[in-house]
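Visitor: Take a look at the following structure, please.
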Amino acid sequence: MNHAQRIAKLPPYLFAEIDKKIEAKRAAGVDVISLGIGDPDLPTPPHVVRRLKEAAEDPKNHRYPSYYGMRAFREAIAAWYRRRFGVELDPDTEVLPLIGSKEGIAHIYVAFVDPGDVALVPDPGYPVYQTGALLAGGITHAIPLLEENDFLPDLEAIPRETARAAKLMFLNYPNNPTAATATPEFLERAADYCRENEIVLCHDFAYSEITYDGYRAPSLLEMPGGREAGVEFHSLSKTYNMTGWRIGFVVGNASVIEALGRVKTNIDSGIFNAVQYAGIEALSGPQDCVREVCEVYRRRRDRIVERLRALGWPARKPLGSIYIWVRVPEGHTSTSFATHLLEEAGVVVSPGNAYGPSGEGFIRFSLTLDDERIDEALDRIERVTASVPAQG
């Protein structure tokens with residue numbers, strides 16, 4: 001059978017490939033410990049699960065949901081933004097529920113990018129920023145995230161002709177995979193830049209609530225001109241340990257929301273109402289669970305960083321996200337070192353170059369394992385790398 005040309009250009013999805021490697025090793029009898037995928041190991045808060053059960057038992061929720069999401073869910077999103085950021089949103093025109101933020105990120109390309117159009121994407125970055133463009137026939141221009149710039153893009157280094165041709169720009173802070181954070185000043189500059197160049201700014205804000213040491217992640221919509229510049233994608237996945245539930249949302253510029261909504265109403269039929277009721281409970285209910293999750297991740301962050309530093313690796317303590325981004329030892333590439341850990345230690349980490357060329361020389365650790373398995377993974381890593389110095 002002849003596949004579409006767009007499929008021929010599409011690489012295998014990173015985390016699906018990691019899953020295959022884990023399955024193969026486990027089938028061979030290896031006790032694999034995965035620090036590769038950012039899938040929270042902690043359970044969804046009990047009050048959220050209870051609300052799902054109640055709503056799922058109501059036959060009224062067994063029918064098609066609203067294409068634009070329940071108004072009650074959109075109102076809960078707007079109320080959460082008001083409490084969290086002091087931002088007022090119109091639930092009818094500036095809020096759109098998503099079947100997970102990944103879905104919305106992919107579909108916004110369909111709404112704005114024609115074949116040959118340019119999108120500015122962070123390098124390294126979440127793989128869907130690239131694949132969304134490929135599926136729409138667009139062209140991506142990488143904006144490097146370099147250690148010397150604290151993994152923030154140099155907007156002035158983007159060629160002027162590229163900026164003038166660009167339709168979308170993606171940013172993501174707290175960042176995946178680098179775990180970098182952004183200041184309000186940077187987000188304001190980015191909003192100004194996108195307005196001046198008539199680019200839709202898409203801020204992937206999935207890790208907004210996973211922060212440490214008193215750091216508060218700023219929202220694009222808090223910035224002067226932020227709402228005019230674009231939209232912010234959000235997910236309940238990391239904040240409330242709801243990755244499997246597939247529920248998120250996008251907020252901001254009403255024209256952008258309308259265009260994305262037009263695409264979605266022609267492609268999907270919305271989110272199961274019971275899941276939306278659970279989303280309302282998550283956003284509107286007690287938030288102690290979020291603080292507790294952050295404290296668990298903070299302890300794990302400290303545990304991993306301290307062990308890596310003891311091995312001579314200059315690991316940073318991130319202020320946000322569920323990742324640690326660290327240079328590989330001398331003599332290794334990202335891929336060779338990730339392969340070495342899998343083959344020799346049975347430990348999975350994500351190679352940095354899988355997120356883009358500027359990720360070469362790094363690997364990503366996830367914080368989504370309990371203390372005992374983290375310690376076991378680090379013990380194994382120490383045994384196979386103790387004599388190899390890390391790059392400075």
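Each chain in the structure tokens gets a letter, A, B, ..., in the order shown, and its residues are numbered from 1; ligands are numbered from 1 in order too.
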Just want the 10 Å neighbourhood of Val128 in chain A, counted on only C-alpha atoms, with same-chain residues fewer than 4 positions away dropped. Output as a ChimeraX atom specification.

Guide: /A:13-14,102-103,105-106,121,132-134,355

Visitor: Could you produce a table of the residues of range 43-110 of chain A lying within 6 Å of range 267-273 of chain A, with the nearest pair of atoms per residue and their separation in Å rounded to one decimal, using only C-alpha atoms, ordered by chain and increasing residue number, as a Markdown table?

Guide:
```
| residue | atom | partner | partner_atom | distance |
| --- | --- | --- | --- | --- |
| A:Asn61 | CA | A:Asn273 | CA | 5.5 |
| A:Pro65 | CA | A:Gly270 | CA | 5.8 |
| A:Tyr67 | CA | A:Gly270 | CA | 4.9 |
```

Visitor: Those same residues, written as a compact mmCIF listing (two decimals), in the first residue's frame with C-alpha atoms?

Guide:
```txt
# COMPACT_ATOMS: atom_id res chain seq x y z
CA ASN A 61 -23.41 11.43 30.55
CA PRO A 65 -20.69 15.54 24.84
CA TYR A 67 -18.21 19.81 20.82
```

Visitor: Residues near Val305 in chain A, anyone? I mean within 9 Å using only C-alpha atoms, not counting same-chain ones fewer than 4 positions away, as a list in words.

Guide: Arg300, Arg301, Arg309, Ala310, Trp313, Pro314, Ala315, Arg316, Lys317 and Ile324 of chain A

Visitor: Rounded to one decimal, what separation in Å do you get between CA of Gly230 in chain A and CA of Ala180 in chain A?

Guide: 21.3 Å

Visitor: Would you list the contacts of Asp114 in chain A as a VMD selection string, taking every protein, DNA or RNA residue within 8 Å and counting only C-alpha atoms, but skipping same-chain residues closer than 5 positions in sequence?

Guide: chain A and resid 136 to 138

Visitor: If I take CA of Leu120 in chain A and CA of Phe362 in chain A, how far is one from the other in Å, to one decimal?

Guide: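 Calculated distance between CA of Leu120 in chain A and CA of Phe362 in chain A is 22.1 Å.
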
Visitor: Quick one: pull the distance between CA of Arg262 in chain A and CA of Ala111 in chain A, Å, one decimal.

Guide: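 Here the two named atoms are 8.0 Å from each other.
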
Visitor: Looking only at strand (DSSP E or B) from DSSP on the backbone, list the matching residues of range 108-208 of chain A as a compact mmCIF listing (two decimals) with N, CA and C atoms, in the first residue's frame.

Guide:
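The file below, selection.txt, is the result:
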```txt
# COMPACT_ATOMS: atom_id res chain seq x y z
N VAL A 118 5.92 28.50 7.71
CA VAL A 118 6.98 28.32 8.69
C VAL A 118 6.42 28.36 10.10
N ALA A 119 6.94 27.47 10.96
CA ALA A 119 6.67 27.50 12.39
C ALA A 119 8.00 27.54 13.12
N LEU A 120 8.09 28.37 14.15
CA LEU A 120 9.30 28.48 14.98
C LEU A 120 9.14 27.55 16.17
N VAL A 121 10.04 26.59 16.31
CA VAL A 121 9.91 25.59 17.37
C VAL A 121 11.19 25.50 18.18
N PRO A 122 11.07 25.32 19.49
CA PRO A 122 12.26 25.22 20.33
C PRO A 122 13.04 23.94 20.05
N ASP A 123 14.36 24.05 20.13
CA ASP A 123 15.27 22.92 19.92
C ASP A 123 16.28 22.90 21.05
N ILE A 139 6.91 23.95 7.49
CA ILE A 139 8.36 23.89 7.63
C ILE A 139 8.71 24.42 9.01
N THR A 140 9.54 23.73 9.73
CA THR A 140 9.94 24.22 11.06
C THR A 140 11.30 24.90 10.98
N HIS A 141 11.43 25.98 11.73
CA HIS A 141 12.71 26.65 11.93
C HIS A 141 13.06 26.51 13.40
N ALA A 142 14.17 25.85 13.68
CA ALA A 142 14.56 25.59 15.06
C ALA A 142 15.09 26.85 15.72
N ILE A 143 14.62 27.10 16.95
CA ILE A 143 15.19 28.17 17.77
C ILE A 143 15.93 27.50 18.93
N PRO A 144 17.26 27.50 18.87
CA PRO A 144 18.04 26.71 19.83
C PRO A 144 17.88 27.18 21.27
N ALA A 166 6.87 33.41 9.42
CA ALA A 166 6.38 32.44 10.42
C ALA A 166 4.91 32.68 10.74
N LYS A 167 4.19 31.58 10.95
CA LYS A 167 2.79 31.63 11.36
C LYS A 167 2.63 31.35 12.86
N LEU A 168 3.43 30.42 13.38
CA LEU A 168 3.34 30.02 14.78
C LEU A 168 4.72 30.04 15.42
N MET A 169 4.75 30.27 16.74
CA MET A 169 5.95 30.04 17.51
C MET A 169 5.56 29.32 18.79
N PHE A 170 6.27 28.25 19.12
CA PHE A 170 6.02 27.51 20.35
C PHE A 170 7.08 27.83 21.40
N LEU A 171 6.61 28.07 22.61
CA LEU A 171 7.47 28.15 23.79
C LEU A 171 6.89 27.22 24.85
N ASN A 172 7.72 26.86 25.83
CA ASN A 172 7.28 25.87 26.83
C ASN A 172 8.09 26.07 28.11
N VAL A 200 1.46 33.80 15.77
CA VAL A 200 0.66 33.29 16.88
C VAL A 200 1.61 32.62 17.87
N LEU A 201 1.68 33.14 19.08
CA LEU A 201 2.53 32.57 20.12
C LEU A 201 1.75 31.49 20.86
N CYS A 202 2.29 30.28 20.87
CA CYS A 202 1.66 29.14 21.54
C CYS A 202 2.53 28.77 22.74
N HIS A 203 2.06 29.06 23.94
CA HIS A 203 2.83 28.74 25.14
C HIS A 203 2.30 27.45 25.74
N ASP A 204 3.13 26.42 25.71
CA ASP A 204 2.80 25.13 26.30
C ASP A 204 3.12 25.22 27.79
```

Visitor: Between A:Ala165, A:Gly356, A:Ala338, A:Asp370, single out the one closest to Lys21 in chain A, counting only C-alpha atoms.

Guide: A:Ala338

Visitor: Select from range 55-175 of chain A everything DSSP, run on the backbone, classes as alpha helix (DSSP H), then give the selection as JSON, numbers by chain.

Guide: {"A": [55, 56, 71, 72, 73, 74, 75, 76, 77, 78, 79, 80, 81, 82, 83, 84, 85, 101, 102, 103, 104, 105, 106, 107, 108, 109, 110, 111, 112, 128, 129, 130, 131, 132, 133, 134, 135, 136, 160, 161, 162, 163, 164, 165]}

Visitor: Would you write out those residues with N, CA and C atoms, as a tab-separated table (two decimals), in the first residue's frame?

Guide:
```
chain	number	residue	atom	x	y	z
A	55	ALA	N	-20.28	10.59	38.10
A	55	ALA	CA	-20.74	11.09	36.80
A	55	ALA	C	-20.88	9.95	35.79
A	56	ALA	N	-19.99	8.96	35.86
A	56	ALA	CA	-20.06	7.84	34.91
A	56	ALA	C	-21.30	7.00	35.12
A	71	ARG	N	-20.17	23.85	29.39
A	71	ARG	CA	-19.94	25.22	29.84
A	71	ARG	C	-19.45	25.25	31.28
A	72	ALA	N	-19.92	24.31	32.10
A	72	ALA	CA	-19.47	24.27	33.49
A	72	ALA	C	-17.97	24.02	33.58
A	73	PHE	N	-17.43	23.20	32.68
A	73	PHE	CA	-15.99	22.95	32.67
A	73	PHE	C	-15.24	24.20	32.20
A	74	ARG	N	-15.78	24.84	31.16
A	74	ARG	CA	-15.13	26.08	30.69
A	74	ARG	C	-15.16	27.16	31.77
A	75	GLU	N	-16.25	27.23	32.51
A	75	GLU	CA	-16.32	28.20	33.61
A	75	GLU	C	-15.32	27.85	34.72
A	76	ALA	N	-15.13	26.56	34.98
A	76	ALA	CA	-14.16	26.14	36.00
A	76	ALA	C	-12.74	26.50	35.58
A	77	ILE	N	-12.46	26.36	34.30
A	77	ILE	CA	-11.14	26.75	33.78
A	77	ILE	C	-10.93	28.25	33.96
A	78	ALA	N	-11.94	29.05	33.58
A	78	ALA	CA	-11.83	30.50	33.71
A	78	ALA	C	-11.67	30.91	35.17
A	79	ALA	N	-12.40	30.24	36.06
A	79	ALA	CA	-12.30	30.57	37.49
A	79	ALA	C	-10.91	30.20	38.03
A	80	TRP	N	-10.36	29.09	37.56
A	80	TRP	CA	-9.02	28.68	38.00
A	80	TRP	C	-7.98	29.70	37.55
A	81	TYR	N	-8.11	30.17	36.32
A	81	TYR	CA	-7.17	31.19	35.83
A	81	TYR	C	-7.30	32.49	36.62
A	82	ARG	N	-8.53	32.82	37.00
A	82	ARG	CA	-8.73	34.04	37.79
A	82	ARG	C	-8.05	33.90	39.15
A	83	ARG	N	-8.23	32.76	39.81
A	83	ARG	CA	-7.61	32.56	41.12
A	83	ARG	C	-6.10	32.45	41.02
A	84	ARG	N	-5.62	31.74	40.04
A	84	ARG	CA	-4.19	31.43	39.94
A	84	ARG	C	-3.37	32.58	39.40
A	85	PHE	N	-3.89	33.28	38.40
A	85	PHE	CA	-3.09	34.30	37.71
A	85	PHE	C	-3.71	35.69	37.72
A	101	SER	N	-3.54	18.19	26.10
A	101	SER	CA	-2.95	19.32	25.38
A	101	SER	C	-2.20	18.88	24.13
A	102	LYS	N	-1.69	17.66	24.09
A	102	LYS	CA	-0.99	17.15	22.90
A	102	LYS	C	-1.88	17.24	21.67
A	103	GLU	N	-3.15	16.88	21.84
A	103	GLU	CA	-4.10	16.93	20.72
A	103	GLU	C	-4.24	18.35	20.19
A	104	GLY	N	-4.40	19.32	21.09
A	104	GLY	CA	-4.56	20.70	20.67
A	104	GLY	C	-3.32	21.25	20.01
A	105	ILE	N	-2.15	20.88	20.53
A	105	ILE	CA	-0.88	21.34	19.94
A	105	ILE	C	-0.76	20.84	18.50
A	106	ALA	N	-1.12	19.59	18.26
A	106	ALA	CA	-1.05	19.06	16.90
A	106	ALA	C	-2.07	19.74	15.98
A	107	HIS	N	-3.28	19.97	16.50
A	107	HIS	CA	-4.36	20.49	15.65
A	107	HIS	C	-4.25	21.98	15.37
A	108	ILE	N	-3.51	22.73	16.18
A	108	ILE	CA	-3.41	24.16	15.89
A	108	ILE	C	-2.64	24.39	14.58
A	109	TYR	N	-1.80	23.43	14.22
A	109	TYR	CA	-1.13	23.53	12.92
A	109	TYR	C	-2.13	23.45	11.78
A	110	VAL	N	-3.13	22.59	11.94
A	110	VAL	CA	-4.15	22.46	10.89
A	110	VAL	C	-4.90	23.78	10.72
A	111	ALA	N	-5.07	24.50	11.81
A	111	ALA	CA	-5.82	25.76	11.77
A	111	ALA	C	-5.01	26.91	11.17
A	112	PHE	N	-3.68	26.87	11.26
A	112	PHE	CA	-2.89	28.06	10.90
A	112	PHE	C	-1.79	27.83	9.88
A	128	VAL	N	6.05	16.82	19.46
A	128	VAL	CA	4.83	17.13	18.71
A	128	VAL	C	4.91	18.51	18.06
A	129	TYR	N	5.77	19.41	18.56
A	129	TYR	CA	5.94	20.70	17.88
A	129	TYR	C	6.44	20.48	16.45
A	130	GLN	N	7.29	19.48	16.28
A	130	GLN	CA	7.82	19.16	14.95
A	130	GLN	C	6.81	18.37	14.12
A	131	THR	N	6.25	17.32	14.71
A	131	THR	CA	5.39	16.44	13.93
A	131	THR	C	4.08	17.12	13.53
A	132	GLY	N	3.60	18.04	14.37
A	132	GLY	CA	2.40	18.78	13.99
A	132	GLY	C	2.62	19.56	12.71
A	133	ALA	N	3.80	20.17	12.60
A	133	ALA	CA	4.13	20.92	11.39
A	133	ALA	C	4.24	20.00	10.19
A	134	LEU	N	4.90	18.85	10.36
A	134	LEU	CA	5.06	17.90	9.26
A	134	LEU	C	3.71	17.45	8.72
A	135	LEU	N	2.78	17.14	9.62
A	135	LEU	CA	1.47	16.64	9.20
A	135	LEU	C	0.68	17.71	8.46
A	136	ALA	N	0.94	18.97	8.77
A	136	ALA	CA	0.23	20.06	8.09
A	136	ALA	C	0.97	20.52	6.83
A	160	ARG	N	15.33	37.81	10.06
A	160	ARG	CA	14.14	38.66	9.90
A	160	ARG	C	13.19	38.09	8.86
A	161	GLU	N	13.74	37.54	7.77
A	161	GLU	CA	12.86	36.99	6.73
A	161	GLU	C	12.12	35.75	7.23
A	162	THR	N	12.76	35.00	8.13
A	162	THR	CA	12.09	33.83	8.72
A	162	THR	C	10.97	34.28	9.64
A	163	ALA	N	11.24	35.29	10.46
A	163	ALA	CA	10.22	35.80	11.38
A	163	ALA	C	9.02	36.33	10.60
A	164	ARG	N	9.27	37.02	9.50
A	164	ARG	CA	8.17	37.58	8.71
A	164	ARG	C	7.32	36.48	8.07
A	165	ALA	N	7.95	35.31	7.80
A	165	ALA	CA	7.23	34.21	7.14
A	165	ALA	C	6.54	33.29	8.14
```

Visitor: Taking 6 positions as the minimum chain separation for residues in the same chain, which residues sit within 7 Å of range 287-297 of chain A when counting only C-alpha atoms? Answer as a count of residues only.

Guide: 8

Visitor: Within 12 Å of Lys53 in chain A, counting only C-alpha atoms, which residues qualify if same-chain residues fewer than 5 places away don't, as a PDB file with C-alpha atoms, in the first residue's frame?

Guide:
```
ATOM      1  CA  PRO A  46      -9.315  10.495  45.440  1.00  0.00           C
ATOM      2  CA  HIS A  47     -11.916  13.290  45.287  1.00  0.00           C
ATOM      3  CA  VAL A  48     -11.381  13.536  41.519  1.00  0.00           C
ATOM      4  CA  ASP A  58     -25.397   8.916  35.350  1.00  0.00           C
ATOM      5  CA  PRO A  59     -26.930   7.802  32.027  1.00  0.00           C
ATOM      6  CA  ASN A  61     -23.414  11.433  30.545  1.00  0.00           C
ATOM      7  CA  ASN A 273     -18.761  14.254  30.190  1.00  0.00           C
ATOM      8  CA  ALA A 274     -17.771  12.197  33.237  1.00  0.00           C
ATOM      9  CA  VAL A 275     -14.138  13.114  32.627  1.00  0.00           C
ATOM     10  CA  GLN A 276     -15.113  16.778  32.326  1.00  0.00           C
ATOM     11  CA  TYR A 277     -16.934  16.592  35.668  1.00  0.00           C
ATOM     12  CA  ALA A 278     -13.755  15.121  37.144  1.00  0.00           C
TER      13      ALA A 278
END
```

Visitor: Determine, counting only C-alpha atoms, which protein, DNA and RNA residues have an atom within 12 Å of an atom of Asn253 in chain A; residues of the same chain fewer than 4 positions away are not included. Present the result as a PyMOL selection string.

Guide: chain A and resi 89-96+195+200-203+220-221+225-233+257-260

Visitor: Compare A:Val263, A:Ala345, A:Ile280, A:Ile199 by their minimum atom-to-atom distance to Lys25 in chain A, counting only C-alpha atoms, and give me the closest one.

Guide: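 Nearest to Lys25 in chain A: A:Ala345.
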
Visitor: Rank A:Ile158, A:Ala190, A:Leu342, A:Leu98 by their smallest atom-to-atom distance to Gly261 in chain A, using only C-alpha atoms, and report the top residue only.

Guide: A:Leu98

Visitor: Tell me which of A:Asp192, A:Asp31, A:Asp213, A:Glu360 sits closest to Leu145 in chain A, counting only C-alpha atoms.

Guide: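 That would be A:Glu360, the residue with the smallest distance to Leu145 in chain A.
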
Visitor: Given the choices A:Thr265, A:Val87, A:Ile374, A:Ser284, which gets closest to Leu308 in chain A if the distance is worked out from only C-alpha atoms?

Guide: A:Ile374

Visitor: Counting only C-alpha atoms, which residue out of A:Gly36, A:Ile99, A:Arg50, A:Glu209 sits closest to Gly244 in chain A?

Guide: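 Looking only at the distances to Gly244 in chain A, the closest residue turns out to be A:Ile99.
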